[in-house]
file structure_23.cif (mmCIF, N, CA, C and O atoms)
data_model
#
loop_
_atom_site.group_PDB
_atom_site.id
_atom_site.type_symbol
_atom_site.label_atom_id
_atom_site.label_comp_id
_atom_site.auth_asym_id
_atom_site.auth_seq_id
_atom_site.Cartn_x
_atom_site.Cartn_y
_atom_site.Cartn_z
ATOM 1 N N MET A 21 77.906 78.953 104.436
ATOM 2 C CA MET A 21 79.086 78.613 103.643
ATOM 3 C C MET A 21 79.666 77.287 104.108
ATOM 4 O O MET A 21 79.701 77.012 105.296
ATOM 5 N N ARG A 22 80.165 76.547 103.159
ATOM 6 C CA ARG A 22 80.789 75.281 103.504
ATOM 7 C C ARG A 22 82.224 75.509 103.955
ATOM 8 O O ARG A 22 82.859 76.506 103.612
ATOM 9 N N VAL A 23 82.717 74.571 104.726
ATOM 10 C CA VAL A 23 84.094 74.649 105.231
ATOM 11 C C VAL A 23 85.075 74.645 104.071
ATOM 12 O O VAL A 23 86.087 75.351 104.088
ATOM 13 N N ARG A 24 84.765 73.884 103.049
ATOM 14 C CA ARG A 24 85.646 73.802 101.880
ATOM 15 C C ARG A 24 85.790 75.165 101.201
ATOM 16 O O ARG A 24 86.883 75.553 100.788
ATOM 17 N N THR A 25 84.700 75.896 101.083
ATOM 18 C CA THR A 25 84.729 77.220 100.462
ATOM 19 C C THR A 25 85.542 78.197 101.303
ATOM 20 O O THR A 25 86.343 78.976 100.766
ATOM 21 N N ILE A 26 85.350 78.158 102.598
ATOM 22 C CA ILE A 26 86.101 79.042 103.495
ATOM 23 C C ILE A 26 87.590 78.737 103.422
ATOM 24 O O ILE A 26 88.419 79.652 103.348
ATOM 25 N N ALA A 27 87.948 77.454 103.397
ATOM 26 C CA ALA A 27 89.354 77.059 103.300
ATOM 27 C C ALA A 27 89.956 77.540 101.981
ATOM 28 O O ALA A 27 91.091 78.025 101.946
ATOM 29 N N PHE A 28 89.191 77.430 100.894
ATOM 30 C CA PHE A 28 89.679 77.881 99.595
ATOM 31 C C PHE A 28 89.927 79.386 99.607
ATOM 32 O O PHE A 28 90.951 79.855 99.101
ATOM 33 N N VAL A 29 89.007 80.152 100.178
ATOM 34 C CA VAL A 29 89.161 81.610 100.229
ATOM 35 C C VAL A 29 90.373 81.994 101.066
ATOM 36 O O VAL A 29 91.154 82.882 100.683
ATOM 37 N N ILE A 30 90.576 81.326 102.188
ATOM 38 C CA ILE A 30 91.735 81.614 103.032
ATOM 39 C C ILE A 30 93.033 81.278 102.305
ATOM 40 O O ILE A 30 93.986 82.075 102.312
ATOM 41 N N LEU A 31 93.099 80.120 101.658
ATOM 42 C CA LEU A 31 94.309 79.745 100.913
ATOM 43 C C LEU A 31 94.570 80.688 99.746
ATOM 44 O O LEU A 31 95.720 81.045 99.472
ATOM 45 N N ALA A 32 93.521 81.109 99.051
ATOM 46 C CA ALA A 32 93.683 82.051 97.947
ATOM 47 C C ALA A 32 94.215 83.388 98.452
ATOM 48 O O ALA A 32 95.107 83.990 97.834
ATOM 49 N N ALA A 33 93.701 83.853 99.579
ATOM 50 C CA ALA A 33 94.177 85.119 100.149
ATOM 51 C C ALA A 33 95.639 85.014 100.566
ATOM 52 O O ALA A 33 96.428 85.942 100.330
ATOM 53 N N LEU A 34 96.018 83.898 101.175
ATOM 54 C CA LEU A 34 97.423 83.700 101.555
ATOM 55 C C LEU A 34 98.335 83.639 100.331
ATOM 56 O O LEU A 34 99.435 84.196 100.344
ATOM 57 N N ALA A 35 97.876 82.983 99.282
ATOM 58 C CA ALA A 35 98.679 82.899 98.056
ATOM 59 C C ALA A 35 98.861 84.279 97.431
ATOM 60 O O ALA A 35 99.971 84.639 97.012
ATOM 61 N N ILE A 36 97.803 85.053 97.379
ATOM 62 C CA ILE A 36 97.896 86.410 96.812
ATOM 63 C C ILE A 36 98.818 87.275 97.660
ATOM 64 O O ILE A 36 99.644 88.024 97.126
ATOM 65 N N TRP A 37 98.705 87.181 98.985
ATOM 66 C CA TRP A 37 99.579 87.941 99.871
ATOM 67 C C TRP A 37 101.042 87.540 99.666
ATOM 68 O O TRP A 37 101.929 88.393 99.587
ATOM 69 N N PHE A 38 101.314 86.232 99.569
ATOM 70 C CA PHE A 38 102.676 85.746 99.378
ATOM 71 C C PHE A 38 103.250 86.229 98.051
ATOM 72 O O PHE A 38 104.406 86.652 97.973
ATOM 73 N N ILE A 39 102.443 86.185 97.001
ATOM 74 C CA ILE A 39 102.897 86.649 95.687
ATOM 75 C C ILE A 39 103.184 88.146 95.728
ATOM 76 O O ILE A 39 104.202 88.615 95.202
ATOM 77 N N ALA A 40 102.308 88.919 96.371
ATOM 78 C CA ALA A 40 102.494 90.375 96.439
ATOM 79 C C ALA A 40 103.710 90.766 97.274
ATOM 80 O O ALA A 40 104.334 91.796 97.023
ATOM 81 N N ALA A 41 104.079 89.942 98.236
ATOM 82 C CA ALA A 41 105.211 90.256 99.112
ATOM 83 C C ALA A 41 106.559 89.967 98.456
ATOM 84 O O ALA A 41 107.581 90.475 98.900
ATOM 85 N N ASN A 42 106.576 89.169 97.397
ATOM 86 C CA ASN A 42 107.825 88.789 96.735
ATOM 87 C C ASN A 42 107.911 89.483 95.382
ATOM 88 O O ASN A 42 107.406 88.980 94.370
ATOM 89 N N THR A 43 108.567 90.628 95.359
ATOM 90 C CA THR A 43 108.598 91.439 94.140
ATOM 91 C C THR A 43 109.978 91.522 93.495
ATOM 92 O O THR A 43 110.133 92.187 92.479
ATOM 93 N N GLY A 44 110.962 90.880 94.062
ATOM 94 C CA GLY A 44 112.311 90.946 93.495
ATOM 95 C C GLY A 44 112.412 90.194 92.179
ATOM 96 O O GLY A 44 111.519 89.454 91.776
ATOM 97 N N SER A 45 113.511 90.390 91.480
ATOM 98 C CA SER A 45 113.757 89.684 90.216
ATOM 99 C C SER A 45 114.624 88.459 90.465
ATOM 100 O O SER A 45 115.489 88.464 91.344
ATOM 101 N N ILE A 46 114.384 87.424 89.682
ATOM 102 C CA ILE A 46 115.180 86.207 89.767
ATOM 103 C C ILE A 46 115.581 85.778 88.369
ATOM 104 O O ILE A 46 114.971 86.174 87.383
ATOM 105 N N THR A 47 116.617 84.968 88.294
ATOM 106 C CA THR A 47 117.078 84.425 87.019
ATOM 107 C C THR A 47 116.716 82.950 86.974
ATOM 108 O O THR A 47 117.018 82.203 87.897
ATOM 109 N N ILE A 48 116.067 82.556 85.889
ATOM 110 C CA ILE A 48 115.645 81.169 85.709
ATOM 111 C C ILE A 48 116.338 80.619 84.476
ATOM 112 O O ILE A 48 116.341 81.258 83.417
ATOM 113 N N ARG A 49 116.899 79.453 84.605
ATOM 114 C CA ARG A 49 117.547 78.803 83.464
ATOM 115 C C ARG A 49 116.594 77.767 82.896
ATOM 116 O O ARG A 49 116.237 76.798 83.559
ATOM 117 N N LEU A 50 116.175 77.976 81.650
ATOM 118 C CA LEU A 50 115.258 77.078 80.950
ATOM 119 C C LEU A 50 116.052 76.314 79.893
ATOM 120 O O LEU A 50 116.100 76.707 78.745
ATOM 121 N N TRP A 51 116.637 75.210 80.285
ATOM 122 C CA TRP A 51 117.528 74.393 79.476
ATOM 123 C C TRP A 51 118.618 75.237 78.827
ATOM 124 O O TRP A 51 119.737 75.241 79.305
ATOM 125 N N ILE A 52 118.336 75.953 77.760
ATOM 126 C CA ILE A 52 119.373 76.736 77.090
ATOM 127 C C ILE A 52 119.270 78.219 77.447
ATOM 128 O O ILE A 52 120.240 78.803 77.896
ATOM 129 N N PRO A 53 118.098 78.862 77.265
ATOM 130 C CA PRO A 53 118.053 80.303 77.575
ATOM 131 C C PRO A 53 117.991 80.576 79.071
ATOM 132 O O PRO A 53 117.523 79.758 79.853
ATOM 133 N N THR A 54 118.476 81.729 79.448
ATOM 134 C CA THR A 54 118.379 82.209 80.819
ATOM 135 C C THR A 54 117.467 83.431 80.810
ATOM 136 O O THR A 54 117.670 84.352 80.025
ATOM 137 N N VAL A 55 116.451 83.416 81.669
ATOM 138 C CA VAL A 55 115.448 84.470 81.686
ATOM 139 C C VAL A 55 115.451 85.141 83.058
ATOM 140 O O VAL A 55 115.519 84.461 84.077
ATOM 141 N N THR A 56 115.389 86.461 83.074
ATOM 142 C CA THR A 56 115.266 87.217 84.324
ATOM 143 C C THR A 56 113.853 87.780 84.389
ATOM 144 O O THR A 56 113.438 88.527 83.505
ATOM 145 N N LEU A 57 113.115 87.372 85.416
ATOM 146 C CA LEU A 57 111.733 87.793 85.584
ATOM 147 C C LEU A 57 111.482 88.228 87.018
ATOM 148 O O LEU A 57 112.168 87.770 87.938
ATOM 149 N N PRO A 58 110.455 89.057 87.227
ATOM 150 C CA PRO A 58 110.049 89.341 88.601
ATOM 151 C C PRO A 58 109.514 88.059 89.253
ATOM 152 O O PRO A 58 108.836 87.260 88.612
ATOM 153 N N LEU A 59 109.815 87.877 90.517
ATOM 154 C CA LEU A 59 109.406 86.668 91.225
ATOM 155 C C LEU A 59 107.895 86.519 91.277
ATOM 156 O O LEU A 59 107.372 85.418 91.215
ATOM 157 N N TRP A 60 107.155 87.628 91.344
ATOM 158 C CA TRP A 60 105.696 87.531 91.426
ATOM 159 C C TRP A 60 105.113 86.894 90.172
ATOM 160 O O TRP A 60 104.112 86.177 90.247
ATOM 161 N N ILE A 61 105.724 87.114 89.008
ATOM 162 C CA ILE A 61 105.243 86.486 87.774
ATOM 163 C C ILE A 61 105.467 84.980 87.830
ATOM 164 O O ILE A 61 104.587 84.186 87.480
ATOM 165 N N VAL A 62 106.637 84.576 88.285
ATOM 166 C CA VAL A 62 106.956 83.149 88.383
ATOM 167 C C VAL A 62 106.003 82.458 89.362
ATOM 168 O O VAL A 62 105.476 81.376 89.083
ATOM 169 N N LEU A 63 105.745 83.084 90.509
ATOM 170 C CA LEU A 63 104.838 82.509 91.494
ATOM 171 C C LEU A 63 103.408 82.431 90.970
ATOM 172 O O LEU A 63 102.701 81.442 91.196
ATOM 173 N N THR A 64 102.967 83.454 90.246
ATOM 174 C CA THR A 64 101.617 83.451 89.689
ATOM 175 C C THR A 64 101.457 82.342 88.650
ATOM 176 O O THR A 64 100.457 81.612 88.662
ATOM 177 N N VAL A 65 102.429 82.201 87.768
ATOM 178 C CA VAL A 65 102.367 81.139 86.756
ATOM 179 C C VAL A 65 102.383 79.770 87.430
ATOM 180 O O VAL A 65 101.614 78.877 87.045
ATOM 181 N N THR A 66 103.214 79.592 88.430
ATOM 182 C CA THR A 66 103.272 78.329 89.155
ATOM 183 C C THR A 66 101.936 78.020 89.829
ATOM 184 O O THR A 66 101.449 76.886 89.776
ATOM 185 N N LEU A 67 101.322 79.019 90.443
ATOM 186 C CA LEU A 67 100.016 78.844 91.082
ATOM 187 C C LEU A 67 98.957 78.440 90.058
ATOM 188 O O LEU A 67 98.184 77.503 90.288
ATOM 189 N N LEU A 68 98.917 79.127 88.918
ATOM 190 C CA LEU A 68 97.923 78.816 87.890
ATOM 191 C C LEU A 68 98.111 77.422 87.299
ATOM 192 O O LEU A 68 97.138 76.691 87.094
ATOM 193 N N VAL A 69 99.353 77.043 87.048
ATOM 194 C CA VAL A 69 99.623 75.701 86.524
ATOM 195 C C VAL A 69 99.210 74.635 87.545
ATOM 196 O O VAL A 69 98.598 73.624 87.197
ATOM 197 N N GLY A 70 99.509 74.880 88.802
ATOM 198 C CA GLY A 70 99.107 73.946 89.855
ATOM 199 C C GLY A 70 97.598 73.812 89.961
ATOM 200 O O GLY A 70 97.068 72.711 90.134
ATOM 201 N N MET A 71 96.889 74.939 89.848
ATOM 202 C CA MET A 71 95.432 74.892 89.902
ATOM 203 C C MET A 71 94.852 74.137 88.714
ATOM 204 O O MET A 71 93.928 73.330 88.861
ATOM 205 N N LEU A 72 95.400 74.378 87.523
ATOM 206 C CA LEU A 72 94.911 73.676 86.334
ATOM 207 C C LEU A 72 95.166 72.176 86.419
ATOM 208 O O LEU A 72 94.295 71.366 86.072
ATOM 209 N N LEU A 73 96.341 71.791 86.893
ATOM 210 C CA LEU A 73 96.622 70.360 87.056
ATOM 211 C C LEU A 73 95.712 69.733 88.103
ATOM 212 O O LEU A 73 95.235 68.608 87.927
ATOM 213 N N GLY A 74 95.450 70.441 89.187
ATOM 214 C CA GLY A 74 94.540 69.943 90.211
ATOM 215 C C GLY A 74 93.132 69.743 89.680
ATOM 216 O O GLY A 74 92.479 68.733 89.961
ATOM 217 N N LEU A 75 92.641 70.708 88.898
ATOM 218 C CA LEU A 75 91.315 70.570 88.296
ATOM 219 C C LEU A 75 91.266 69.401 87.321
ATOM 220 O O LEU A 75 90.286 68.653 87.277
ATOM 221 N N PHE A 76 92.312 69.251 86.534
ATOM 222 C CA PHE A 76 92.373 68.159 85.567
ATOM 223 C C PHE A 76 92.330 66.804 86.272
ATOM 224 O O PHE A 76 91.575 65.909 85.895
ATOM 225 N N ILE A 77 93.121 66.655 87.314
ATOM 226 C CA ILE A 77 93.164 65.387 88.054
ATOM 227 C C ILE A 77 91.829 65.130 88.760
ATOM 228 O O ILE A 77 91.330 64.002 88.767
ATOM 229 N N ALA A 78 91.215 66.169 89.328
ATOM 230 C CA ALA A 78 89.930 66.008 90.007
ATOM 231 C C ALA A 78 88.841 65.570 89.026
ATOM 232 O O ALA A 78 88.014 64.710 89.346
ATOM 233 N N ARG A 79 88.846 66.115 87.840
ATOM 234 C CA ARG A 79 87.843 65.727 86.835
ATOM 235 C C ARG A 79 88.048 64.297 86.362
ATOM 236 O O ARG A 79 87.091 63.566 86.143
ATOM 237 N N ARG A 80 89.298 63.909 86.214
ATOM 238 C CA ARG A 80 89.571 62.529 85.787
ATOM 239 C C ARG A 80 89.113 61.539 86.844
ATOM 240 O O ARG A 80 88.592 60.479 86.544
ATOM 241 N N ARG A 81 89.326 61.880 88.114
ATOM 242 C CA ARG A 81 88.903 60.988 89.210
ATOM 243 C C ARG A 81 87.377 60.924 89.279
ATOM 244 O O ARG A 81 86.814 59.902 89.604
ATOM 245 N N ALA A 82 86.697 62.044 88.998
ATOM 246 C CA ALA A 82 85.241 62.076 89.061
ATOM 247 C C ALA A 82 84.623 61.254 87.937
ATOM 248 O O ALA A 82 83.525 60.722 88.093
ATOM 249 N N GLN A 83 85.305 61.114 86.823
ATOM 250 C CA GLN A 83 84.793 60.336 85.692
ATOM 251 C C GLN A 83 84.859 58.849 85.944
ATOM 252 O O GLN A 83 84.136 58.082 85.340
ATOM 253 N N ARG A 84 85.714 58.411 86.843
ATOM 254 C CA ARG A 84 85.856 56.970 87.102
ATOM 255 C C ARG A 84 84.740 56.435 87.909
ATOM 256 O O ARG A 84 84.033 56.826 88.615
#
call {"tool": "encode", "arguments": {"input": "structure_23.cif", "output": "structure tokens"}}
result
Amino acid sequence: MRVRTIAFVILAALAIWFIAANTGSITIRLWIPTVTLPLWIVLTVTLLVGMLLGLFIARRRAQR
């Protein structure tokens, strides 16, 4: 296994553990509406958006 793969697996496990440990509800203000959601949903969406942006940027750099 490459070091990069091991690092990814460790970071993914830490992210999943962190998301699972935060189960309370929070209130988020989205310009006009106010939404109350469980924190784990907010963290999961944030993680997925971050991963998608990272993949997008990595692909753009690889094309240059």
call {"tool": "resolve_selection", "arguments": {"input": "structure_23.cif", "expression": "the PyMOL selection byres ((chain A and resi 56) around 8)", "output": "list in words"}}
result
Gly44, Ser45, Ile46, Thr47, Ile48, Arg49, Pro53, Thr54, Val55, Leu57, Pro58 and Leu59 of chain A
call {"tool": "select_by_dssp", "arguments": {"input": "structure_23.cif", "residues": "chain A", "states": "helix (DSSP H, G or I)", "output": "MDAnalysis selection string"}}
result
chainID A and resid 23:41 59:83
call {"tool": "atom_distance", "arguments": {"input": "structure_23.cif", "atom1": "CA of Trp60 (chain A)", "atom2": "CA of Phe76 (chain A)"}}
result
24.2 Å
call {"tool": "atom_distance", "arguments": {"input": "structure_23.cif", "atom1": "atom N of Thr25 (chain A)", "atom2": "atom N of Val62 (chain A)"}}
result
26.8 Å
call {"tool": "atom_distance", "arguments": {"input": "structure_23.cif", "atom1": "atom C of Leu72 (chain A)", "atom2": "atom C of Ile52 (chain A)"}}
result
26.4 Å
call {"tool": "select_by_dssp", "arguments": {"input": "structure_23.cif", "residues": "chain A", "states": "strand (DSSP E or B)", "output": "CSV table (one decimal) with N, CA, C and O atoms, keeping the file's coordinate frame"}}
result
chain,number,residue,atom,x,y,z
A,45,SER,N,113.5,90.4,91.5
A,45,SER,CA,113.8,89.7,90.2
A,45,SER,C,114.6,88.5,90.5
A,45,SER,O,115.5,88.5,91.3
A,46,ILE,N,114.4,87.4,89.7
A,46,ILE,CA,115.2,86.2,89.8
A,46,ILE,C,115.6,85.8,88.4
A,46,ILE,O,115.0,86.2,87.4
A,47,THR,N,116.6,85.0,88.3
A,47,THR,CA,117.1,84.4,87.0
A,47,THR,C,116.7,83.0,87.0
A,47,THR,O,117.0,82.2,87.9
A,48,ILE,N,116.1,82.6,85.9
A,48,ILE,CA,115.6,81.2,85.7
A,48,ILE,C,116.3,80.6,84.5
A,48,ILE,O,116.3,81.3,83.4
A,49,ARG,N,116.9,79.5,84.6
A,49,ARG,CA,117.5,78.8,83.5
A,49,ARG,C,116.6,77.8,82.9
A,49,ARG,O,116.2,76.8,83.6
A,54,THR,N,118.5,81.7,79.4
A,54,THR,CA,118.4,82.2,80.8
A,54,THR,C,117.5,83.4,80.8
A,54,THR,O,117.7,84.4,80.0
A,55,VAL,N,116.5,83.4,81.7
A,55,VAL,CA,115.4,84.5,81.7
A,55,VAL,C,115.5,85.1,83.1
A,55,VAL,O,115.5,84.5,84.1
A,56,THR,N,115.4,86.5,83.1
A,56,THR,CA,115.3,87.2,84.3
A,56,THR,C,113.9,87.8,84.4
A,56,THR,O,113.4,88.5,83.5
A,57,LEU,N,113.1,87.4,85.4
A,57,LEU,CA,111.7,87.8,85.6
A,57,LEU,C,111.5,88.2,87.0
A,57,LEU,O,112.2,87.8,87.9
A,58,PRO,N,110.5,89.1,87.2
A,58,PRO,CA,110.0,89.3,88.6
A,58,PRO,C,109.5,88.1,89.3
A,58,PRO,O,108.8,87.3,88.6
call {"tool": "closest_residue", "arguments": {"input": "structure_23.cif", "among": "A:Ile61, A:Val23, A:Ala82, A:Val69", "to": "Ile39 (chain A)", "atoms": "only N, CA, C and O atoms"}}
result
A:Ile61
call {"tool": "axis_aligned_box", "arguments": {"input": "structure_23.cif", "around": "region 52-70 of chain A", "padding_each_side": "3 Å", "output": "lines of an AutoDock Vina configuration file"}}
result
center_x = 108.7
center_y = 81.0
center_z = 84.3
size_x = 29.2
size_y = 22.6
size_z = 20.4
